[in-house]
file entry-v4.txt (compact mmCIF, C-alpha atoms and all ligand atoms)
# COMPACT_ATOMS: atom_id res chain seq x y z
CA MET A 1 0.00 0.00 0.00
CA GLN A 2 1.32 3.43 -0.93
CA ASP A 3 0.86 6.71 0.94
CA CYS A 4 -1.24 9.18 -1.06
CA VAL A 5 -1.39 12.94 -1.41
CA ILE A 6 -3.81 15.50 -2.74
CA SER A 7 -1.41 17.35 -5.02
CA GLY A 8 -3.77 19.88 -6.58
CA THR A 9 -7.25 21.38 -6.38
CA GLY A 10 -9.26 23.22 -9.04
CA LEU A 11 -12.42 25.31 -9.14
CA TRP A 12 -14.81 26.31 -11.94
CA VAL A 13 -17.30 29.07 -11.14
CA PRO A 14 -20.12 30.25 -13.47
CA ASN A 15 -20.03 33.86 -14.69
CA ASP A 16 -23.56 34.59 -13.46
CA ARG A 17 -24.13 35.60 -9.84
CA ILE A 18 -27.42 36.32 -8.06
CA SER A 19 -27.79 38.30 -4.82
CA ASN A 20 -30.45 37.47 -2.22
CA ALA A 21 -32.22 40.76 -3.06
CA GLU A 22 -32.53 39.79 -6.75
CA LEU A 23 -33.74 36.28 -5.93
CA VAL A 24 -36.31 37.53 -3.42
CA ALA A 25 -37.60 40.16 -5.89
CA SER A 26 -38.22 37.57 -8.61
CA LEU A 27 -39.87 35.04 -6.26
CA THR A 28 -42.00 37.79 -4.71
CA ALA A 29 -43.34 38.69 -8.17
CA ALA A 30 -43.93 35.00 -9.00
CA THR A 31 -45.63 34.29 -5.65
CA GLU A 32 -47.95 37.30 -5.89
CA ARG A 33 -48.94 36.19 -9.37
CA TRP A 34 -49.46 32.55 -8.24
CA ASN A 35 -51.65 33.65 -5.32
CA LEU A 36 -53.72 35.83 -7.68
CA GLU A 37 -54.09 33.00 -10.20
CA HIS A 38 -55.27 30.66 -7.43
CA LYS A 39 -57.35 33.28 -5.60
CA ALA A 40 -60.65 31.40 -5.95
CA GLU A 41 -59.21 28.11 -4.65
CA ILE A 42 -57.42 29.89 -1.82
CA GLU A 43 -60.63 31.69 -0.80
CA ALA A 44 -62.54 28.40 -1.00
CA GLY A 45 -59.96 26.85 1.35
CA VAL A 46 -58.89 24.27 -1.28
CA ARG A 47 -55.34 25.62 -1.49
CA GLU A 48 -52.99 27.43 0.87
CA PRO A 49 -51.56 30.74 -0.36
CA ARG A 50 -47.81 30.70 -0.93
CA ASP A 51 -45.75 32.70 1.58
CA LEU A 52 -43.57 35.58 0.40
CA PRO A 53 -39.79 35.16 0.68
CA SER A 54 -37.58 37.35 2.86
CA GLU A 55 -34.00 38.50 2.39
CA ARG A 56 -33.56 38.92 6.14
CA PHE A 57 -34.68 35.34 6.80
CA ILE A 58 -32.20 33.93 4.31
CA VAL A 59 -29.16 35.60 5.85
CA LYS A 60 -30.28 34.95 9.41
CA ALA A 61 -31.27 31.29 8.90
CA SER A 62 -28.48 30.22 6.53
CA GLY A 63 -25.69 32.79 6.20
CA VAL A 64 -26.10 32.77 2.39
CA GLU A 65 -25.71 36.16 0.68
CA SER A 66 -25.34 35.22 -2.99
CA ARG A 67 -24.84 32.28 -5.34
CA TYR A 68 -23.40 31.60 -8.80
CA VAL A 69 -25.63 29.93 -11.39
CA ILE A 70 -25.25 28.76 -14.97
CA ASP A 71 -28.03 31.08 -16.13
CA ARG A 72 -29.35 33.98 -14.07
CA ARG A 73 -31.81 35.11 -16.78
CA GLY A 74 -33.91 31.94 -16.50
CA VAL A 75 -33.66 31.69 -12.71
CA LEU A 76 -34.72 35.31 -12.20
CA ASP A 77 -37.54 35.27 -14.77
CA PRO A 78 -40.68 35.03 -12.55
CA GLU A 79 -42.44 33.12 -15.32
CA ARG A 80 -39.70 30.49 -15.56
CA LEU A 81 -37.71 30.24 -12.30
CA ARG A 82 -35.18 27.77 -13.66
CA PRO A 83 -32.06 28.12 -15.84
CA HIS A 84 -32.14 28.07 -19.64
CA LEU A 85 -29.86 25.41 -21.12
CA ARG A 86 -29.06 24.99 -24.78
CA THR A 87 -29.81 21.43 -25.88
CA ARG A 88 -26.49 19.99 -27.02
CA GLY A 89 -25.95 17.43 -29.74
CA GLU A 90 -24.34 14.06 -29.06
CA ASP A 91 -21.23 15.20 -30.95
CA GLU A 92 -20.48 18.04 -28.47
CA PRO A 93 -19.29 17.74 -24.86
CA GLY A 94 -22.09 17.72 -22.31
CA ILE A 95 -22.18 20.63 -19.87
CA GLN A 96 -21.04 18.51 -16.89
CA CYS A 97 -18.12 17.25 -18.96
CA GLU A 98 -17.20 20.80 -20.00
CA ILE A 99 -17.13 22.25 -16.47
CA SER A 100 -15.39 19.12 -15.13
CA VAL A 101 -12.57 19.51 -17.64
CA ALA A 102 -12.17 23.20 -16.66
CA ALA A 103 -11.89 22.37 -12.93
CA ILE A 104 -9.59 19.38 -13.57
CA ARG A 105 -7.23 21.43 -15.73
CA GLY A 106 -6.83 23.92 -12.86
CA ALA A 107 -6.16 21.08 -10.40
CA LEU A 108 -3.64 19.40 -12.72
CA ASP A 109 -1.78 22.71 -13.21
CA ARG A 110 -1.38 23.03 -9.45
CA ALA A 111 -0.28 19.39 -9.22
CA GLY A 112 2.30 19.84 -12.00
CA ARG A 113 0.63 17.05 -14.01
CA ARG A 114 -0.53 16.81 -17.61
CA PRO A 115 -4.03 15.54 -18.55
CA GLU A 116 -2.54 12.50 -20.30
CA GLU A 117 -0.91 11.42 -17.02
CA VAL A 118 -4.36 10.90 -15.46
CA ASP A 119 -5.42 7.23 -15.39
CA ALA A 120 -8.58 7.35 -13.24
CA VAL A 121 -11.49 9.80 -13.33
CA LEU A 122 -14.27 9.82 -10.74
CA VAL A 123 -17.20 12.15 -11.35
CA ALA A 124 -18.76 12.47 -7.90
CA CYS A 125 -21.81 14.72 -7.53
CA SER A 126 -25.45 15.00 -6.47
CA ASN A 127 -27.04 15.02 -9.93
CA LEU A 128 -25.89 13.45 -13.17
CA GLN A 129 -27.22 14.78 -16.44
CA ARG A 130 -27.91 11.32 -17.87
CA ALA A 131 -27.92 7.68 -16.89
CA TYR A 132 -25.21 6.59 -19.33
CA PRO A 133 -22.66 6.63 -20.80
CA ALA A 134 -20.99 7.75 -17.57
CA VAL A 135 -20.10 11.45 -17.55
CA ALA A 136 -16.74 10.36 -16.11
CA ILE A 137 -15.94 8.36 -19.25
CA GLU A 138 -16.77 11.39 -21.38
CA VAL A 139 -14.44 13.49 -19.17
CA GLN A 140 -11.69 10.84 -19.48
CA ASP A 141 -12.00 11.06 -23.27
CA ALA A 142 -12.06 14.89 -23.32
CA LEU A 143 -8.90 15.00 -21.17
CA GLY A 144 -7.06 12.40 -23.22
CA ALA A 145 -6.64 10.37 -20.02
CA SER A 146 -6.05 6.61 -19.92
CA GLY A 147 -7.24 3.95 -17.44
CA TRP A 148 -10.81 3.91 -16.21
CA ALA A 149 -13.60 6.22 -15.08
CA TYR A 150 -16.96 6.04 -13.34
CA ASP A 151 -19.71 8.21 -11.85
CA LEU A 152 -20.81 8.09 -8.24
CA ASN A 153 -23.49 9.90 -6.29
CA VAL A 154 -23.69 10.26 -2.52
CA ALA A 155 -25.38 13.69 -2.65
CA CYS A 156 -23.49 16.40 -0.74
CA SER A 157 -20.97 13.82 0.50
CA SER A 158 -19.98 12.73 -3.00
CA ALA A 159 -16.57 14.48 -2.91
CA THR A 160 -15.27 12.78 0.23
CA PHE A 161 -16.70 9.39 -0.81
CA GLY A 162 -14.98 9.86 -4.18
CA ILE A 163 -11.71 10.85 -2.50
CA GLN A 164 -11.77 7.67 -0.37
CA ALA A 165 -12.38 5.56 -3.50
CA ALA A 166 -9.56 7.33 -5.37
CA VAL A 167 -7.14 7.07 -2.44
CA ASP A 168 -7.88 3.34 -2.13
CA ALA A 169 -7.30 2.86 -5.87
CA VAL A 170 -4.00 4.79 -5.88
CA ALA A 171 -2.79 3.18 -2.62
CA ARG A 172 -3.34 -0.31 -4.08
CA GLY A 173 -1.73 0.55 -7.41
CA HIS A 174 -4.93 0.50 -9.49
CA ALA A 175 -4.18 4.06 -10.63
CA ARG A 176 -1.13 6.35 -10.63
CA CYS A 177 -2.88 9.70 -10.97
CA ALA A 178 -6.60 9.94 -10.12
CA VAL A 179 -8.89 12.94 -10.34
CA VAL A 180 -12.13 13.35 -8.42
CA VAL A 181 -14.39 16.04 -9.90
CA ASN A 182 -17.66 17.47 -8.58
CA PRO A 183 -19.71 19.16 -11.34
CA GLU A 184 -22.57 20.50 -9.23
CA LEU A 185 -25.24 22.17 -11.35
CA THR A 186 -27.62 22.46 -8.42
CA SER A 187 -29.79 25.10 -10.13
CA GLY A 188 -31.22 22.17 -12.12
CA HIS A 189 -32.61 20.54 -8.96
CA THR A 190 -33.51 23.66 -6.97
CA ASN A 191 -37.17 24.51 -6.48
CA PHE A 192 -37.02 28.26 -7.15
CA GLU A 193 -40.83 28.45 -6.75
CA LEU A 194 -40.93 27.93 -2.99
CA ARG A 195 -39.40 30.26 -0.42
CA ASP A 196 -38.23 27.35 1.74
CA TYR A 197 -35.85 26.18 -0.97
CA HIS A 198 -35.18 28.94 -3.51
CA PHE A 199 -32.16 30.46 -1.72
CA ILE A 200 -30.30 27.32 -0.68
CA PHE A 201 -28.10 26.32 -3.61
CA GLY A 202 -25.52 27.56 -6.12
CA ASP A 203 -23.57 26.04 -9.02
CA ALA A 204 -19.81 25.27 -9.08
CA CYS A 205 -17.39 22.50 -9.98
CA THR A 206 -14.34 21.39 -7.99
CA ALA A 207 -11.59 18.86 -8.67
CA VAL A 208 -8.77 17.23 -6.72
CA VAL A 209 -5.76 15.27 -7.94
CA ILE A 210 -4.70 12.21 -5.93
CA GLU A 211 -1.39 10.43 -6.49
CA PRO A 212 1.27 8.45 -4.60
CA ALA A 213 3.26 10.61 -2.16
CA ALA A 214 6.43 9.06 -3.62
CA THR A 215 5.86 10.46 -7.11
CA CYS A 216 4.29 13.82 -6.21
CA ALA A 217 5.97 16.55 -8.26
CA VAL A 218 5.03 19.67 -6.24
CA GLU A 219 5.78 21.24 -2.85
CA GLY A 220 3.05 21.76 -0.30
CA ALA A 221 0.83 18.83 -1.27
CA PHE A 222 -1.47 17.38 1.39
CA GLU A 223 -0.76 13.88 2.72
CA VAL A 224 -3.95 11.87 3.20
CA LEU A 225 -3.57 10.54 6.76
CA GLY A 226 -6.92 8.74 6.64
CA THR A 227 -10.47 8.72 5.34
CA ARG A 228 -13.63 7.71 7.15
CA LEU A 229 -17.21 7.45 5.88
CA ALA A 230 -20.57 6.85 7.56
CA THR A 231 -24.16 6.55 6.34
CA ARG A 232 -27.54 6.29 8.07
CA PHE A 233 -30.84 6.23 6.21
CA SER A 234 -33.09 9.29 6.52
CA ASN A 235 -36.02 10.72 4.54
CA ASN A 236 -35.28 14.27 5.66
CA ILE A 237 -33.47 15.21 2.44
CA ARG A 238 -34.93 13.70 -0.72
CA ASN A 239 -35.12 14.10 -4.47
CA ASP A 240 -37.36 11.48 -6.09
CA PHE A 241 -36.48 12.27 -9.68
CA GLY A 242 -35.59 9.04 -11.42
CA PHE A 243 -36.04 6.67 -14.32
CA LEU A 244 -39.03 4.93 -12.77
CA ASN A 245 -41.12 8.12 -12.49
CA ARG A 246 -42.76 7.43 -15.86
CA CYS A 247 -43.87 3.95 -14.75
CA GLU A 248 -45.37 4.88 -11.41
CA ASP A 249 -49.16 4.47 -11.24
CA GLU A 250 -49.78 7.64 -9.20
CA PRO A 251 -48.18 10.77 -10.69
CA ARG A 252 -45.91 12.56 -8.23
CA GLU A 253 -46.17 16.20 -7.19
CA PRO A 254 -43.68 18.30 -9.20
CA HIS A 255 -41.87 19.35 -5.99
CA GLU A 256 -41.08 15.69 -5.23
CA LEU A 257 -38.90 15.57 -8.33
CA LEU A 258 -36.65 18.35 -7.03
CA PHE A 259 -34.58 18.82 -3.87
CA ARG A 260 -36.67 19.04 -0.70
CA GLN A 261 -35.81 18.72 2.95
CA ASN A 262 -36.90 19.09 6.52
CA GLY A 263 -34.12 21.56 7.31
CA ARG A 264 -34.75 21.78 11.05
CA LYS A 265 -34.50 18.01 11.52
CA VAL A 266 -31.43 17.83 9.29
CA PHE A 267 -29.76 20.49 11.40
CA ARG A 268 -30.60 18.76 14.67
CA GLU A 269 -29.73 15.22 13.62
CA VAL A 270 -26.68 15.75 11.41
CA CYS A 271 -24.60 18.14 13.55
CA PRO A 272 -23.91 15.64 16.38
CA MET A 273 -23.24 12.81 13.89
CA VAL A 274 -20.64 14.91 12.05
CA ALA A 275 -18.87 16.10 15.21
CA GLU A 276 -18.72 12.50 16.50
CA LEU A 277 -17.37 11.14 13.22
CA ILE A 278 -14.58 13.74 13.05
CA THR A 279 -13.65 13.22 16.71
CA ASP A 280 -13.60 9.41 16.34
CA HIS A 281 -11.62 9.64 13.13
CA LEU A 282 -8.97 11.86 14.75
CA ARG A 283 -8.76 9.51 17.74
CA GLU A 284 -8.32 6.51 15.44
CA LEU A 285 -5.37 8.35 13.84
CA GLY A 286 -3.85 9.14 17.27
CA LEU A 287 -4.65 12.86 16.90
CA GLU A 288 -6.31 15.42 19.18
CA PRO A 289 -8.86 17.99 17.94
CA SER A 290 -6.58 20.69 19.43
CA GLN A 291 -3.97 19.74 16.78
CA LEU A 292 -6.33 20.74 13.93
CA LYS A 293 -5.37 23.96 12.18
CA ARG A 294 -8.33 23.90 9.81
CA MET A 295 -11.75 22.36 9.22
CA TRP A 296 -12.94 22.56 5.62
CA LEU A 297 -16.59 21.75 6.29
CA HIS A 298 -19.51 21.18 3.92
CA GLN A 299 -21.07 24.56 3.22
CA ALA A 300 -24.84 24.36 3.79
CA ASN A 301 -25.54 26.51 6.82
CA LEU A 302 -23.33 28.87 8.81
CA ALA A 303 -24.79 28.07 12.24
CA MET A 304 -24.46 24.35 11.51
CA ASN A 305 -20.73 24.73 10.76
CA GLN A 306 -20.17 26.89 13.85
CA LEU A 307 -21.88 24.25 16.02
CA ILE A 308 -19.93 21.33 14.50
CA ALA A 309 -16.60 23.15 14.83
CA LYS A 310 -17.39 24.16 18.42
CA THR A 311 -18.34 20.59 19.37
CA VAL A 312 -15.14 19.18 17.87
CA LEU A 313 -12.78 21.84 19.26
CA GLY A 314 -14.53 22.30 22.62
CA ARG A 315 -14.64 26.08 22.01
CA PRO A 316 -15.92 28.41 19.26
CA ALA A 317 -13.81 28.24 16.11
CA GLY A 318 -12.21 31.36 14.68
CA PRO A 319 -12.94 32.26 11.02
CA ASP A 320 -9.47 30.94 10.05
CA GLU A 321 -10.17 27.57 11.65
CA ALA A 322 -13.48 26.83 9.88
CA PRO A 323 -13.50 29.06 6.80
CA VAL A 324 -16.84 30.04 5.25
CA ILE A 325 -17.54 30.25 1.53
CA LEU A 326 -21.31 29.67 1.64
CA ASP A 327 -21.93 33.42 2.07
CA GLU A 328 -20.67 33.90 -1.50
CA PHE A 329 -21.48 30.51 -3.10
CA ALA A 330 -24.52 29.23 -1.11
CA ASN A 331 -24.69 25.41 -0.85
CA THR A 332 -22.83 23.95 -3.82
CA SER A 333 -23.53 20.42 -2.62
CA SER A 334 -20.43 18.20 -2.77
CA ALA A 335 -18.27 21.04 -4.14
CA GLY A 336 -18.67 23.19 -1.00
CA SER A 337 -16.05 21.69 1.32
CA VAL A 338 -13.61 21.42 -1.60
CA ILE A 339 -14.11 25.12 -2.46
CA ALA A 340 -13.28 25.94 1.18
CA PHE A 341 -10.17 23.71 0.90
CA HIS A 342 -9.17 25.23 -2.46
CA ARG A 343 -9.56 28.82 -1.23
CA HIS A 344 -8.14 28.38 2.28
CA GLN A 345 -5.03 26.18 2.19
CA GLY A 346 -2.19 28.47 1.05
CA ASP A 347 -1.30 29.79 4.51
CA LEU A 348 -0.87 26.37 6.16
CA ALA A 349 2.71 25.47 7.13
CA PRO A 350 4.38 22.07 6.61
CA GLY A 351 3.05 19.67 9.25
CA ASP A 352 -0.24 21.57 9.75
CA LEU A 353 -3.31 19.34 10.04
CA GLY A 354 -6.77 19.84 8.60
CA VAL A 355 -9.96 17.88 8.05
CA LEU A 356 -12.06 18.00 4.90
CA CYS A 357 -15.59 16.98 5.85
CA SER A 358 -18.85 16.72 3.96
CA PHE A 359 -22.34 15.71 5.02
CA GLY A 360 -25.79 15.58 3.52
CA ALA A 361 -28.56 13.43 2.14
CA GLY A 362 -28.55 9.76 2.97
CA TYR A 363 -27.59 10.76 5.65
CA SER A 364 -23.99 10.52 4.57
CA ILE A 365 -20.81 11.89 6.15
CA GLY A 366 -17.20 11.76 4.98
CA SER A 367 -13.99 12.85 6.72
CA VAL A 368 -10.55 13.15 5.12
CA VAL A 369 -7.68 14.06 7.47
CA LEU A 370 -4.85 15.89 5.73
CA ARG A 371 -1.33 17.05 6.69
CA ARG A 372 0.57 19.67 4.71
CA ARG A 373 3.92 18.39 3.44
N1 LIG B 401 -38.49 33.48 4.17
C1 LIG B 401 -39.20 33.80 5.26
N2 LIG B 401 -39.62 32.92 6.18
C2 LIG B 401 -39.33 31.63 5.95
C3 LIG B 401 -38.60 31.21 4.81
C4 LIG B 401 -38.18 32.21 3.92
N3 LIG B 401 -37.44 31.90 2.83
N4 LIG B 401 -38.45 29.88 4.85
C5 LIG B 401 -39.07 29.48 5.97
N5 LIG B 401 -39.61 30.53 6.62
C6 LIG B 401 -40.38 30.51 7.86
C7 LIG B 401 -41.03 29.16 8.08
O1 LIG B 401 -42.30 29.13 7.48
C8 LIG B 401 -41.10 29.08 9.60
O2 LIG B 401 -42.21 29.80 10.05
P1 LIG B 401 -43.06 29.28 11.33
O3 LIG B 401 -42.07 29.27 12.47
O4 LIG B 401 -44.12 30.29 11.45
O5 LIG B 401 -43.52 27.89 10.96
C9 LIG B 401 -39.85 29.83 10.05
O6 LIG B 401 -39.49 30.71 8.97
C10 LIG B 401 -38.71 28.89 10.37
O7 LIG B 401 -38.56 27.97 9.28
P2 LIG B 401 -37.57 26.78 9.30
O8 LIG B 401 -37.65 26.04 8.00
O9 LIG B 401 -37.76 26.01 10.56
O10 LIG B 401 -36.19 27.63 9.32
P3 LIG B 401 -34.79 27.21 9.83
O11 LIG B 401 -34.37 28.17 10.86
O12 LIG B 401 -34.68 25.76 10.17
O13 LIG B 401 -33.90 27.48 8.53
C11 LIG B 401 -32.80 26.22 6.81
C12 LIG B 401 -34.12 26.76 7.36
C13 LIG B 401 -33.07 25.37 5.59
C14 LIG B 401 -31.92 27.41 6.43
C15 LIG B 401 -32.07 25.43 7.92
O14 LIG B 401 -32.98 24.54 8.54
C16 LIG B 401 -30.90 24.63 7.41
O15 LIG B 401 -30.03 25.12 6.72
N6 LIG B 401 -30.82 23.36 7.84
C17 LIG B 401 -29.74 22.50 7.47
C18 LIG B 401 -30.01 21.99 6.11
C19 LIG B 401 -28.87 21.22 5.53
O16 LIG B 401 -27.76 21.29 5.93
N7 LIG B 401 -29.18 20.49 4.54
C20 LIG B 401 -28.21 19.74 3.86
C21 LIG B 401 -28.50 19.94 2.47
S1 LIG B 401 -27.21 19.28 1.59

call {"tool": "encode", "arguments": {"input": "entry-v4.txt", "output": "structure tokens"}}
result
Amino acid sequence: MQDCVISGTGLWVPNDRISNAELVASLTAATERWNLEHKAEIEAGVREPRDLPSERFIVKASGVESRYVIDRRGVLDPERLRPHLRTRGEDEPGIQCEISVAAIRGALDRAGRRPEEVDAVLVACSNLQRAYPAVAIEVQDALGASGWAYDLNVACSSATFGIQAAVDAVARGHARCAVVVNPELTSGHTNFELRDYHFIFGDACTAVVIEPAATCAVEGAFEVLGTRLATRFSNNIRNDFGFLNRCEDEPREPHELLFRQNGRKVFREVCPMVAELITDHLRELGLEPSQLKRMWLHQANLAMNQLIAKTVLGRPAGPDEAPVILDEFANTSSAGSVIAFHRHQGDLAPGDLGVLCSFGAGYSIGSVVLRRR
């Protein structure tokens, strides 16, 4: 078994950005229109009116201030409330392939590697644009990489689950240079029609390069000291979109085919599970929480991250210890913790320890303990 490092990280961000004020203005217009259109049913007590969104609520409840999306025009159009996407032909790269290649190229540059040196590609994300052929195999082809590739989906935990799979493959010699990429186009699964959900997500794509420590070509890579995963079934975060929808006898409500959650329960149940997993993982590695210089946590909710960091450290974490990117990006699903890692790693000194940790639907939790070389 070989020791592995993360030798490079990359980030692709869409050009379009939407502030909370813009999002609230468009949903307010859409909601007022919807309530007017359904006035008779609402007055007859057949339907509930839809509640108006609030900018103040969003910042207070989540910490989100803006998000990037692939198409702000479609999302902000009160008559559409979802992105526009050009339908691409089979002879052109799919959009998830295109953004994956952009993020991977950035990660390979940092790792001092060329695309043709890659021999394993894992596309790990919450939503895949098609069933097959695997997006990962399309990415492998577009990069000119060799070896093998596959897609995996563990919702917001996809990145850490993918990193464990890649580390295992490299450690056992099944690959010499693996990339894990997280093309999260969450605006495709976000219900922009309901105030409970419209503010939560943003689009982004992240990538990491994993290779044997012995052949790593750059300074300052991160040694992977260990990975640990956990899952426990819960219905509190669901998206029932799938290939069997068309066969089901009872048609589903449209909102069931998009992201939905019971956010309060998620908050309450997931925070202790995450803190326990990180603490147990550190103990297993013979490390103390006080030795951690940084926690690159999944970016869904600011208060959630503050609580997890406080439980692990035994005191409130400073902004340097648990950096926040969700204010700018919102929840980018599996990309969130990797964006935090990508943006907030340069100041760590050789020997400094950090934990990359994601959590989300499933429930699923992943922890990757890293030491700067
Ligand atoms: N604007 C104004 N009011 C809103 C609102 C909005 N956009 N959304 C909800 N509200 C209202 C609710 O109707 C509720 O009113 P009530 O008390 O009269 O019933 C109140 O505000 C509180 O709603 P609630 O949904 O309980 O808010 P919350 O404080 O739990 O915050 C989340 C909601 C989603 C921000 C929060 O629960 C969260 O982030 N949880 C973690 C989710 C998570 O990590 N998911 C992982 C996904 S990968």

call {"tool": "closest_atom_pairs", "arguments": {"input": "entry-v4.txt", "of": "chain A", "to": "ligand LIG 401 (chain B)", "cutoff": "6 Å", "atoms": "only C-alpha atoms and all ligand atoms", "output": "JSON lines"}}
result
{"residue": "A:Pro53", "atom": "CA", "partner": "B:LIG401", "partner_atom": "N1", "distance": 4.1}
{"residue": "A:Ser54", "atom": "CA", "partner": "B:LIG401", "partner_atom": "N1", "distance": 4.2}
{"residue": "A:Phe57", "atom": "CA", "partner": "B:LIG401", "partner_atom": "N1", "distance": 5.0}
{"residue": "A:Ile58", "atom": "CA", "partner": "B:LIG401", "partner_atom": "N3", "distance": 5.8}
{"residue": "A:Ala61", "atom": "CA", "partner": "B:LIG401", "partner_atom": "O13", "distance": 4.6}
{"residue": "A:Ser62", "atom": "CA", "partner": "B:LIG401", "partner_atom": "C14", "distance": 4.4}
{"residue": "A:Cys156", "atom": "CA", "partner": "B:LIG401", "partner_atom": "S1", "distance": 5.2}
{"residue": "A:Arg195", "atom": "CA", "partner": "B:LIG401", "partner_atom": "N3", "distance": 4.1}
{"residue": "A:Asp196", "atom": "CA", "partner": "B:LIG401", "partner_atom": "N4", "distance": 4.0}
{"residue": "A:Gly263", "atom": "CA", "partner": "B:LIG401", "partner_atom": "O14", "distance": 3.4}
{"residue": "A:Arg264", "atom": "CA", "partner": "B:LIG401", "partner_atom": "O12", "distance": 4.1}
{"residue": "A:Val266", "atom": "CA", "partner": "B:LIG401", "partner_atom": "C17", "distance": 5.3}
{"residue": "A:Phe267", "atom": "CA", "partner": "B:LIG401", "partner_atom": "C17", "distance": 4.4}
{"residue": "A:Ala300", "atom": "CA", "partner": "B:LIG401", "partner_atom": "O16", "distance": 4.7}
{"residue": "A:Asn301", "atom": "CA", "partner": "B:LIG401", "partner_atom": "O15", "distance": 4.7}
{"residue": "A:Ser333", "atom": "CA", "partner": "B:LIG401", "partner_atom": "S1", "distance": 5.7}
{"residue": "A:Gly360", "atom": "CA", "partner": "B:LIG401", "partner_atom": "S1", "distance": 4.4}

call {"tool": "residues_around", "arguments": {"input": "entry-v4.txt", "residues": "Arg80 of chain A", "least_positions_apart": "5", "cutoff": "10 Å", "atoms": "all atoms listed in the file", "output": "compact mmCIF listing (two decimals) with C-alpha atoms, in the coordinates of the input"}}
result
# COMPACT_ATOMS: atom_id res chain seq x y z
CA ALA A 30 -43.93 35.00 -9.00
CA ARG A 73 -31.81 35.11 -16.78
CA GLY A 74 -33.91 31.94 -16.50
CA VAL A 75 -33.66 31.69 -12.71
CA PHE A 192 -37.02 28.26 -7.15
CA GLU A 193 -40.83 28.45 -6.75

call {"tool": "closest_residue", "arguments": {"input": "entry-v4.txt", "among": "A:Glu43, A:Glu328, A:Glu92, A:Asp320", "to": "Gln299 of chain A", "atoms": "only C-alpha atoms"}}
result
A:Glu328

call {"tool": "closest_residue", "arguments": {"input": "entry-v4.txt", "among": "A:Pro49, A:Pro78, A:Gly242, A:Gly144", "to": "Arg105 of chain A", "atoms": "all atoms listed in the file"}}
result
A:Gly144

call {"tool": "atom_distance", "arguments": {"input": "entry-v4.txt", "atom1": "atom CA of Thr311 of chain A", "atom2": "atom CA of Cys4 of chain A"}}
result
29.0 Å

call {"tool": "atom_distance", "arguments": {"input": "entry-v4.txt", "atom1": "atom CA of Ile137 of chain A", "atom2": "atom CA of Val5 of chain A"}}
result
23.5 Å

call {"tool": "residues_near_point", "arguments": {"input": "entry-v4.txt", "point": "(-18.4, 11.9, -6.1)", "cutoff": "7 Å", "atoms": "only C-alpha atoms", "output": "PyMOL selection string"}}
result
chain A and resi 122-125+151-154+158-159+161-162+180-182

call {"tool": "atom_distance", "arguments": {"input": "entry-v4.txt", "atom1": "atom CA of Ser19 of chain A", "atom2": "atom CA of Asp327 of chain A"}}
result
10.3 Å

call {"tool": "residues_around", "arguments": {"input": "entry-v4.txt", "residues": "segment 216-232 of chain A", "least_positions_apart": "2", "cutoff": "6 Å", "atoms": "all atoms listed in the file", "output": "PyMOL selection string"}}
result
chain A and resi 4-7+164+213-214+363-373

call {"tool": "closest_residue", "arguments": {"input": "entry-v4.txt", "among": "A:Ala120, A:Arg86, A:Ile278, A:Ser187", "to": "His174 of chain A", "atoms": "all atoms listed in the file"}}
result
A:Ala120

call {"tool": "closest_residue", "arguments": {"input": "entry-v4.txt", "among": "A:Asp71, A:Asp280, A:Glu211, A:Asp347", "to": "Gly8 of chain A", "atoms": "all atoms listed in the file"}}
result
A:Glu211

call {"tool": "closest_residue", "arguments": {"input": "entry-v4.txt", "among": "A:Thr186, A:Ser337, A:Thr279, A:Thr87", "to": "Ile308 of chain A", "atoms": "only C-alpha atoms"}}
result
A:Thr279

call {"tool": "residues_near_point", "arguments": {"input": "entry-v4.txt", "point": "(-31.5, 21.4, -12.7)", "cutoff": "9 Å", "atoms": "only C-alpha atoms", "output": "list in words"}}
result
Arg82, Pro83, Asn127, Gln129, Leu185, Thr186, Ser187, Gly188, His189, Thr190, Asn191 and Leu258 of chain A

call {"tool": "residues_around", "arguments": {"input": "entry-v4.txt", "residues": "Val59 of chain A", "least_positions_apart": "4", "cutoff": "9 Å", "atoms": "only C-alpha atoms", "output": "list in words"}}
result
Asn20, Glu55, Gly63, Val64, Glu65 and Asp327 of chain A

call {"tool": "axis_aligned_box", "arguments": {"input": "entry-v4.txt", "around": "segment 362-372 of chain A", "padding_each_side": "4 Å", "output": "JSON"}}
result
{"center_x": -14.0, "center_y": 14.7, "center_z": 5.2, "size_x": 37.1, "size_y": 17.9, "size_z": 12.5}

call {"tool": "closest_residue", "arguments": {"input": "entry-v4.txt", "among": "A:His342, A:Lys60, A:Lys310, A:Arg252", "to": "Trp12 of chain A", "atoms": "only C-alpha atoms"}}
result
A:His342

call {"tool": "residues_around", "arguments": {"input": "entry-v4.txt", "residues": "Ala275 of chain A", "least_positions_apart": "6", "cutoff": "12 Å", "atoms": "all atoms listed in the file", "output": "list in words"}}
result
Glu269, His281, Leu282, Pro289, Met295, Leu297, Met304, Asn305, Gln306, Leu307, Ile308, Ala309, Lys310, Thr311, Val312, Leu313, Gly314, Val355, Cys357, Ser358, Phe359, Ile365, Gly366 and Ser367 of chain A

call {"tool": "residues_around", "arguments": {"input": "entry-v4.txt", "residues": "Phe259 of chain A", "least_positions_apart": "3", "cutoff": "9 Å", "atoms": "only C-alpha atoms", "output": "ChimeraX atom specification"}}
result
/A:189-191,197,237-241,255-256
